[in-house]
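Visitor: To start, I am sharing the structure in question, which I have written as structure tokens.
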Amino acid sequence: MLSVTHTFKIPSIIGWHKLHYVCLIRIFLFLWLFAGENTFFAQTWENTKDWKKEPHRPTFHFSPDSMWMNDPNGMFYIDSTYHLFYQYYPKDIVWGPMHWGHATSQDLINWQHRPIALYPDSLGYIFSGSAIIDIKNTSGLGRDGIPPVIAFFTHHHDAKEKSGSNQFQYQSMAYSLDGGKSFTKFAGNPVVPNPGIKDFRDPKVFWFESDQSWKMIFAAYDHVRIYTSKNLINWSYCSSFGKDNGCHDGVWECPDLFPIKAENTGTTKWVMLVSINPGAPNGGSGTQYFVGDFDGTYFKLDDISQSEEKNKNTQWLDFGTDNYAGVTWSGIPEKDGRKIFLGWMSNWQYAQQVPTKKWRSSMTLPRELTLDSIEKEWVVTSKPIVEFSQLETASEMLITDQMIGDTFLLQSGSTLNRYQLEIEHAQNNKVFIRLSNTLGQYTDVGYDGKLNKFYIDRRFSGITSFNKNFAAIQYSDIRKKSGLIKMDIIQDVSGVEMFADDGFTIMTSLFFPEIPYQKATIQSTLTNLKFNGSVRPLKAAIFKSAR
Ligand code: FRU
């Protein structure tokens, strides 16, 4: 009898408790979500404790599992998989003998780290380069009907450089018969020997349909060189470009050359990207571009004004300090047709000093490049790829003009956000989003009406003392189509990307607050500012370690 009573009562007590726990949890969640005006929460670094483990580790920008990374390399697409290789030194968090690190993705947002793809050898370190799929097996390196994936890179011979020789860089290749999982170096390397030019590197190879041959573009100190080949093995020189064009305040590196159809006219033009270090508009490393035509041998610049004087009218892909050595993916299927770009989100000015401990550097978000024009000038625009929207949570919040002022306006528990603003006019005023933390550290991202420039001010962003150039305001030139000022700002834990005016003006910048920025305010000196806006908390992407 006793035992029967007990067996009846105990479950009922548990049931009563369960009910109350559920109610209490609901009440707590309600209070938590709606405590305070305009407050919302999302998954944060604080919540997950990841910030404590690895402060500043980006959550949706690609970074190496550990150790040093610089340029993106060898990006190609095959079997529904995007491959990304990158300059990698597995033994330290500063630059060293270069390898190619490797990662793959189905959507360019979530990544699987892979084992190192290329190691240095007797010909040298493995510097930057590209990869293509040799579908017609022009190289003869394919086996049993499997087309080879061929990676082109620069061999950099450190000892030769130190001995004073000029011939320490040359272009080499490696091939893969398993879709890019593993590579074998070509026995006849180098395929493009060095004729005596000190800086001679970063080959980007592409197929040129009209003359059924391969082209290679690479950087040679103050210009780019174009070579041609029928079989990817024997290369001959075509032409050079750039000695008298664009910016020459530093060494030219990591070029790319690709056709692109202009959005508005449907005309196909050729875009050449050339990174330069130093010489960027806000100091250190940056990427300039040229628009013209390419006939398989020569690149001819379209805009006369660009060629009039060195350094004049240089067009910059990104005005921020932290987008370098970026190039585009190869092998994107025609039915997709996008030009997908990825850059290294750092700057040689301070890349080796930034305050991360386990790893150094990340990549920008993958961006879609398009070609547009303003008046008579071509403009290469950049936007985050559409796949990025999978990280947007549903809890969008509108930003209205009532929220403006120097007081608390919008408090977000999320350290990852996307802010989209459309402002009618700002006259001579500043309008900006201030990202801040409780230590009083902040970064401002906005528009300065007096200067008619977008800007990022990271002077008080947190840890800045590692390099004297870091704590500064960066400005961008402006090219706009409409009268509106549009800002699309994407905030990760240690960096921000601004895609202004529908991708016409881009700014990418790192920052290193001591604790995450969990508050955002919109501020302006103009009281009757008219605008629409929204903020969306973002989720972290998934990065899986190499197996
Ligand atoms: C650009 C660059 C390339 C070179 C590589 C070496 O950042 O200097 O020119 O191939 O890095 O890591």
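We name chains A, B, ... following the order of the structure tokens; residues begin at 1 in each chain, and ligands are numbered from 1 as shown.
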Kindly work out which residues sit at most 9 Å from ligand 1, using only C-alpha atoms and all ligand atoms, and give the list as a ChimeraX atom specification.

Guide: /A:69-71,86-88,95-99,125-129,153-156,199-203,219,251-254,275-277,285,324-325,344,347-348

Visitor: Write out as a PyMOL selection string the residues lying within 10 Å of Thr364 of chain A, counting only C-alpha atoms and excluding same-chain residues fewer than 2 positions away.

Guide: chain A and resi 60-63+72+322-324+326+341-346+361-362+366-367+384+495-497+508-509

Visitor: Neighbours of Ser461 of chain A within 6 Å (only C-alpha atoms; same-chain residues fewer than 4 positions away dropped), as a ChimeraX atom specification?

Guide: /A:441-443,513

Visitor: So what do you get for atom CA of Asp457 of chain A versus atom CA of Ile473 of chain A, distance-wise?

Guide: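 Value for the atom CA of Asp457 of chain A-atom CA of Ile473 of chain A distance: 4.2 Å.
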
Visitor: Can you tell me which residues surround Gln212 of chain A at a distance of at most 12 Å, considering only C-alpha atoms, apart from same-chain residues fewer than 2 positions away, and format the answer as a list of chain:residue names?

Guide: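 Contacts, with the query itself left out: A:Lys136, A:Thr138, A:Phe206, A:Trp207, A:Phe208, A:Glu209, A:Ser210, A:Trp214, A:Lys215, A:Thr228, A:Ser229, A:Lys230, A:Asn231, A:Leu232, A:Gly296.
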
Visitor: Could those residues be written to a file, using all heavy atoms, as a short mmCIF file (atom, residue, chain, number, x, y, z; two decimals), in the first residue's frame?

Guide:
data_model
loop_
_atom_site.label_atom_id
_atom_site.label_comp_id
_atom_site.auth_asym_id
_atom_site.auth_seq_id
_atom_site.Cartn_x
_atom_site.Cartn_y
_atom_site.Cartn_z
N LYS A 136 40.08 19.66 -71.45
CA LYS A 136 40.40 18.97 -72.71
C LYS A 136 41.71 18.19 -72.61
O LYS A 136 42.23 17.71 -73.60
CB LYS A 136 40.51 19.98 -73.84
CG LYS A 136 39.19 20.70 -74.10
CD LYS A 136 39.34 21.66 -75.26
CE LYS A 136 38.03 22.45 -75.43
NZ LYS A 136 38.17 23.54 -76.38
N THR A 138 44.69 19.25 -72.36
CA THR A 138 45.69 19.83 -73.27
C THR A 138 47.11 19.54 -72.78
O THR A 138 48.06 19.51 -73.55
CB THR A 138 45.51 21.36 -73.37
OG1 THR A 138 45.63 21.92 -72.05
CG2 THR A 138 44.18 21.75 -73.96
N PHE A 206 44.16 31.33 -67.25
CA PHE A 206 42.77 31.21 -67.70
C PHE A 206 42.73 30.79 -69.16
O PHE A 206 43.70 30.95 -69.90
CB PHE A 206 42.01 32.54 -67.48
CG PHE A 206 42.61 33.72 -68.19
CD1 PHE A 206 42.18 34.10 -69.45
CD2 PHE A 206 43.64 34.46 -67.60
CE1 PHE A 206 42.74 35.18 -70.11
CE2 PHE A 206 44.20 35.56 -68.25
CZ PHE A 206 43.75 35.92 -69.51
N TRP A 207 41.60 30.24 -69.56
CA TRP A 207 41.39 29.76 -70.93
C TRP A 207 40.88 30.90 -71.78
O TRP A 207 40.00 31.65 -71.35
CB TRP A 207 40.36 28.62 -70.89
CG TRP A 207 39.98 28.07 -72.24
CD1 TRP A 207 38.77 28.20 -72.85
CD2 TRP A 207 40.78 27.28 -73.12
NE1 TRP A 207 38.76 27.55 -74.05
CE2 TRP A 207 39.99 26.97 -74.25
CE3 TRP A 207 42.10 26.81 -73.07
CZ2 TRP A 207 40.47 26.20 -75.31
CZ3 TRP A 207 42.57 26.05 -74.13
CH2 TRP A 207 41.78 25.76 -75.23
N PHE A 208 41.44 31.06 -73.01
CA PHE A 208 40.96 32.10 -73.92
C PHE A 208 40.34 31.41 -75.12
O PHE A 208 41.05 30.82 -75.95
CB PHE A 208 42.15 33.00 -74.33
CG PHE A 208 41.73 34.25 -75.04
CD1 PHE A 208 41.08 35.27 -74.37
CD2 PHE A 208 41.98 34.40 -76.40
CE1 PHE A 208 40.69 36.43 -75.03
CE2 PHE A 208 41.61 35.56 -77.07
CZ PHE A 208 40.95 36.57 -76.39
N GLU A 209 39.04 31.49 -75.18
CA GLU A 209 38.26 30.70 -76.14
C GLU A 209 38.65 31.02 -77.60
O GLU A 209 38.84 30.10 -78.40
CB GLU A 209 36.77 30.97 -75.87
CG GLU A 209 35.79 30.11 -76.63
CD GLU A 209 35.89 28.61 -76.33
OE1 GLU A 209 36.28 28.23 -75.21
OE2 GLU A 209 35.62 27.82 -77.28
N SER A 210 38.77 32.32 -77.95
CA SER A 210 38.94 32.70 -79.36
C SER A 210 40.15 32.05 -80.02
O SER A 210 40.08 31.69 -81.18
CB SER A 210 39.08 34.21 -79.53
OG SER A 210 38.30 34.86 -78.61
N TRP A 214 45.74 28.82 -73.57
CA TRP A 214 45.78 29.27 -72.17
C TRP A 214 46.58 30.56 -72.07
O TRP A 214 47.53 30.76 -72.85
CB TRP A 214 46.45 28.20 -71.30
CG TRP A 214 45.69 26.91 -71.25
CD1 TRP A 214 45.91 25.80 -72.02
CD2 TRP A 214 44.58 26.61 -70.41
NE1 TRP A 214 45.00 24.82 -71.70
CE2 TRP A 214 44.17 25.28 -70.71
CE3 TRP A 214 43.86 27.31 -69.43
CZ2 TRP A 214 43.10 24.66 -70.06
CZ3 TRP A 214 42.81 26.69 -68.79
CH2 TRP A 214 42.43 25.38 -69.10
N LYS A 215 46.20 31.42 -71.15
CA LYS A 215 46.95 32.65 -70.91
C LYS A 215 47.39 32.66 -69.45
O LYS A 215 46.67 32.16 -68.58
CB LYS A 215 46.09 33.89 -71.16
CG LYS A 215 45.38 33.91 -72.50
CD LYS A 215 46.33 34.03 -73.68
CE LYS A 215 45.61 33.69 -74.98
NZ LYS A 215 46.51 33.58 -76.14
N THR A 228 51.38 32.95 -73.20
CA THR A 228 50.38 32.08 -73.81
C THR A 228 50.92 30.67 -73.96
O THR A 228 52.14 30.47 -74.06
CB THR A 228 49.93 32.65 -75.18
OG1 THR A 228 48.80 31.90 -75.63
CG2 THR A 228 51.03 32.59 -76.22
N SER A 229 49.99 29.70 -73.98
CA SER A 229 50.41 28.30 -74.13
C SER A 229 49.26 27.47 -74.67
O SER A 229 48.09 27.73 -74.38
CB SER A 229 50.82 27.74 -72.76
OG SER A 229 51.03 26.35 -72.83
N LYS A 230 49.59 26.45 -75.46
CA LYS A 230 48.56 25.53 -75.96
C LYS A 230 48.41 24.35 -75.01
O LYS A 230 47.39 23.67 -75.02
CB LYS A 230 48.96 24.99 -77.36
CG LYS A 230 48.87 26.05 -78.45
CD LYS A 230 47.41 26.25 -78.88
CE LYS A 230 47.32 27.31 -79.98
NZ LYS A 230 46.01 27.93 -80.09
N ASN A 231 49.46 24.06 -74.23
CA ASN A 231 49.41 22.83 -73.45
C ASN A 231 49.73 23.04 -71.96
O ASN A 231 49.96 22.06 -71.25
CB ASN A 231 50.40 21.81 -74.04
CG ASN A 231 51.83 22.33 -73.99
OD1 ASN A 231 52.09 23.42 -73.45
ND2 ASN A 231 52.76 21.58 -74.55
N LEU A 232 49.77 24.25 -71.51
CA LEU A 232 50.02 24.61 -70.11
C LEU A 232 51.45 24.34 -69.64
O LEU A 232 51.80 24.60 -68.50
CB LEU A 232 49.03 23.88 -69.17
CG LEU A 232 47.57 24.29 -69.30
CD1 LEU A 232 46.65 23.25 -68.67
CD2 LEU A 232 47.31 25.64 -68.63
N GLY A 296 43.88 38.46 -76.54
CA GLY A 296 44.63 37.21 -76.47
C GLY A 296 46.13 37.47 -76.38
O GLY A 296 46.90 36.60 -75.98
#

Visitor: When you look at Arg479 of chain A with a cut-off of 12 Å (counting only C-alpha atoms), what residues show up, excluding the ones that are within fewer than 4 positions of it in the same chain? I need them as a list of chain:residue names.

Guide: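 Counting only the stated atoms, we get A:Gln315, A:Trp316, A:Leu317, A:Phe319, A:Asp372, A:Ser373, A:Ile374, A:Glu375, A:Glu377, A:Trp378, A:Val379, A:Val380, A:Thr381, A:Asn452, A:Lys453, A:Phe454, A:Gly483, A:Leu484, A:Ile485, A:Lys486, A:Ala500, A:Asp501, A:Asp502, A:Gly503, A:Phe504, A:Thr505, A:Ile506.
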
Visitor: Only N, CA, C and O atoms, please: the residues just picked out, written as a short mmCIF file (atom, residue, chain, number, x, y, z; two decimals), in the first residue's frame.

Guide:
data_model
loop_
_atom_site.label_atom_id
_atom_site.label_comp_id
_atom_site.auth_asym_id
_atom_site.auth_seq_id
_atom_site.Cartn_x
_atom_site.Cartn_y
_atom_site.Cartn_z
N GLN A 315 41.97 53.43 -60.01
CA GLN A 315 40.70 52.93 -59.48
C GLN A 315 40.99 51.84 -58.46
O GLN A 315 41.77 50.92 -58.73
N TRP A 316 40.34 51.96 -57.31
CA TRP A 316 40.60 51.02 -56.21
C TRP A 316 39.39 50.14 -55.98
O TRP A 316 38.27 50.62 -55.91
N LEU A 317 39.65 48.87 -55.82
CA LEU A 317 38.56 47.91 -55.61
C LEU A 317 37.94 48.12 -54.24
O LEU A 317 36.75 47.90 -54.04
N PHE A 319 38.51 50.69 -50.62
CA PHE A 319 39.27 51.81 -50.03
C PHE A 319 39.72 51.53 -48.61
O PHE A 319 40.49 52.30 -48.04
N ASP A 372 29.84 48.17 -63.87
CA ASP A 372 28.84 49.20 -64.09
C ASP A 372 29.59 50.42 -64.61
O ASP A 372 30.81 50.38 -64.77
N SER A 373 28.87 51.50 -64.86
CA SER A 373 29.60 52.70 -65.29
C SER A 373 28.92 53.94 -64.75
O SER A 373 27.72 53.93 -64.48
N ILE A 374 29.74 54.97 -64.57
CA ILE A 374 29.20 56.26 -64.16
C ILE A 374 29.79 57.27 -65.11
O ILE A 374 31.01 57.32 -65.30
N GLU A 375 28.93 58.09 -65.67
CA GLU A 375 29.34 58.96 -66.76
C GLU A 375 30.11 58.10 -67.75
O GLU A 375 29.61 57.10 -68.19
N GLU A 377 32.94 56.44 -67.10
CA GLU A 377 33.96 55.62 -66.45
C GLU A 377 33.40 54.28 -65.99
O GLU A 377 32.34 54.22 -65.39
N TRP A 378 34.15 53.22 -66.24
CA TRP A 378 33.75 51.90 -65.77
C TRP A 378 34.01 51.79 -64.27
O TRP A 378 35.01 52.30 -63.78
N VAL A 379 33.11 51.10 -63.59
CA VAL A 379 33.32 50.88 -62.15
C VAL A 379 33.08 49.40 -61.85
O VAL A 379 32.06 48.84 -62.25
N VAL A 380 34.03 48.79 -61.19
CA VAL A 380 33.84 47.41 -60.73
C VAL A 380 33.17 47.47 -59.35
O VAL A 380 33.71 48.08 -58.44
N THR A 381 31.99 46.90 -59.26
CA THR A 381 31.27 46.93 -57.98
C THR A 381 31.42 45.58 -57.26
O THR A 381 31.67 44.56 -57.90
N ASN A 452 32.26 64.61 -48.29
CA ASN A 452 31.61 63.71 -49.25
C ASN A 452 32.43 62.43 -49.43
O ASN A 452 32.82 62.04 -50.53
N LYS A 453 32.70 61.80 -48.29
CA LYS A 453 33.46 60.54 -48.29
C LYS A 453 32.85 59.58 -47.28
O LYS A 453 32.34 60.02 -46.26
N PHE A 454 32.94 58.30 -47.58
CA PHE A 454 32.64 57.31 -46.54
C PHE A 454 33.90 57.18 -45.69
O PHE A 454 35.00 57.49 -46.15
N GLY A 483 21.05 59.80 -55.64
CA GLY A 483 21.31 60.84 -54.65
C GLY A 483 21.34 60.28 -53.24
O GLY A 483 21.81 60.94 -52.31
N LEU A 484 20.85 59.08 -53.06
CA LEU A 484 20.79 58.50 -51.72
C LEU A 484 22.18 58.08 -51.25
O LEU A 484 23.04 57.76 -52.06
N ILE A 485 22.35 58.09 -49.94
CA ILE A 485 23.58 57.55 -49.37
C ILE A 485 23.20 56.19 -48.81
O ILE A 485 22.37 56.09 -47.91
N LYS A 486 23.80 55.14 -49.36
CA LYS A 486 23.40 53.80 -48.93
C LYS A 486 24.58 53.09 -48.29
O LYS A 486 25.68 53.08 -48.85
N ALA A 500 29.02 50.27 -49.80
CA ALA A 500 28.22 51.49 -49.88
C ALA A 500 27.70 51.68 -51.30
O ALA A 500 28.29 51.19 -52.27
N ASP A 501 26.58 52.40 -51.39
CA ASP A 501 26.00 52.77 -52.68
C ASP A 501 25.93 51.59 -53.65
O ASP A 501 26.48 51.63 -54.75
N ASP A 502 25.27 50.54 -53.21
CA ASP A 502 25.07 49.33 -54.03
C ASP A 502 26.37 48.73 -54.55
O ASP A 502 26.44 48.25 -55.68
N GLY A 503 27.39 48.79 -53.75
CA GLY A 503 28.65 48.12 -54.12
C GLY A 503 29.60 49.01 -54.91
O GLY A 503 30.64 48.54 -55.36
N PHE A 504 29.28 50.29 -55.09
CA PHE A 504 30.18 51.19 -55.83
C PHE A 504 31.40 51.60 -55.00
O PHE A 504 32.46 51.88 -55.53
N THR A 505 31.22 51.67 -53.69
CA THR A 505 32.33 52.06 -52.81
C THR A 505 32.44 51.03 -51.69
O THR A 505 31.46 50.78 -50.99
N ILE A 506 33.62 50.48 -51.53
CA ILE A 506 33.80 49.41 -50.55
C ILE A 506 34.87 49.82 -49.55
O ILE A 506 35.89 50.40 -49.92
#

Visitor: Env of Gln353 of chain A: 12 Å cut, atoms = only C-alpha atoms, seq-sep filter 4 positions within chain, self excluded. Answer as a ChimeraX atom specification.

Guide: /A:68,93-95,346-349,357,359-361,463-470,512

Visitor: Mind dumping the selected residues with N, CA and C atoms as a tab-separated table (two decimals), in the first residue's frame?

Guide:
chain	number	residue	atom	x	y	z
A	68	TRP	N	49.96	30.98	-39.41
A	68	TRP	CA	49.97	32.13	-40.31
A	68	TRP	C	49.29	31.87	-41.66
A	93	ILE	N	53.10	32.07	-36.21
A	93	ILE	CA	52.04	33.03	-36.55
A	93	ILE	C	52.61	34.27	-37.25
A	94	VAL	N	53.81	34.14	-37.78
A	94	VAL	CA	54.35	35.17	-38.69
A	94	VAL	C	54.70	34.49	-40.02
A	95	TRP	N	54.92	35.30	-41.04
A	95	TRP	CA	55.25	34.78	-42.37
A	95	TRP	C	56.52	33.91	-42.31
A	346	SER	N	43.79	41.75	-44.56
A	346	SER	CA	44.85	42.32	-43.73
A	346	SER	C	45.68	43.25	-44.58
A	347	ASN	N	46.81	43.67	-44.04
A	347	ASN	CA	47.64	44.67	-44.67
A	347	ASN	C	49.07	44.39	-44.23
A	348	TRP	N	50.00	44.38	-45.18
A	348	TRP	CA	51.39	44.06	-44.82
A	348	TRP	C	51.97	45.05	-43.79
A	349	GLN	N	51.33	46.22	-43.65
A	349	GLN	CA	51.82	47.19	-42.65
A	349	GLN	C	51.88	46.59	-41.25
A	357	LYS	N	46.68	35.17	-31.19
A	357	LYS	CA	47.77	34.34	-30.66
A	357	LYS	C	47.91	32.99	-31.36
A	359	TRP	N	46.39	32.01	-34.29
A	359	TRP	CA	46.39	32.10	-35.76
A	359	TRP	C	46.53	33.56	-36.14
A	360	ARG	N	46.87	33.80	-37.41
A	360	ARG	CA	46.87	35.20	-37.86
A	360	ARG	C	46.21	35.31	-39.24
A	361	SER	N	45.31	36.24	-39.33
A	361	SER	CA	44.65	36.68	-40.57
A	361	SER	C	43.38	35.92	-40.90
A	463	ILE	N	42.60	47.49	-29.04
A	463	ILE	CA	44.06	47.29	-29.08
A	463	ILE	C	44.57	47.84	-30.42
A	464	THR	N	45.41	48.85	-30.33
A	464	THR	CA	45.91	49.47	-31.57
A	464	THR	C	47.42	49.68	-31.53
A	465	SER	N	48.02	49.50	-30.33
A	465	SER	CA	49.40	49.94	-30.16
A	465	SER	C	50.41	49.02	-30.87
A	466	PHE	N	49.96	47.89	-31.42
A	466	PHE	CA	50.91	46.97	-32.05
A	466	PHE	C	51.56	47.57	-33.29
A	467	ASN	N	50.94	48.63	-33.86
A	467	ASN	CA	51.54	49.27	-35.02
A	467	ASN	C	51.05	50.72	-35.12
A	468	LYS	N	51.97	51.64	-35.37
A	468	LYS	CA	51.61	53.07	-35.31
A	468	LYS	C	50.61	53.46	-36.41
A	469	ASN	N	50.51	52.67	-37.46
A	469	ASN	CA	49.60	53.03	-38.56
A	469	ASN	C	48.16	52.58	-38.33
A	470	PHE	N	47.96	51.74	-37.30
A	470	PHE	CA	46.64	51.10	-37.19
A	470	PHE	C	45.55	52.06	-36.73
A	512	PHE	N	40.32	45.46	-33.17
A	512	PHE	CA	40.60	44.49	-32.11
A	512	PHE	C	40.19	45.02	-30.73

Visitor: Rank A:Ser172, A:Gln390, A:Gln420, A:Gln427 by their smallest atom-to-atom distance to Val535 of chain A, using only C-alpha atoms, and report the top residue only.

Guide: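 Smallest distance to Val535 of chain A is found for A:Gln420.
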
Visitor: Nearest to Ile135 of chain A: which of A:Asp65, A:Leu257, A:Ile150, A:Val445 is it, counting only C-alpha atoms?

Guide: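 Smallest separation from Ile135 of chain A among the options: A:Ile150.
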
Visitor: For a test of reading the model, state the distance in Å between atom CA of Trp329 of chain A and atom CA of Pro259 of chain A, rounded to one decimal.

Guide: 12.8 Å

Visitor: Measuring atom to atom with only C-alpha atoms, identify which of A:Ile78, A:Ala103, A:Leu273, A:Ala394 is nearest to Ser534 of chain A.

Guide: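 With only C-alpha atoms as the atom set, the closest residue is A:Ala394.
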
Visitor: Which parts of segment 45-225 of chain A does DSSP call strand (DSSP E) when run on the backbone here, written out as a ChimeraX atom specification?

Guide: /A:67-78,81-89,99-105,111-118,125-133,149-156,169-176,184-185,201-208,213-220,223-225
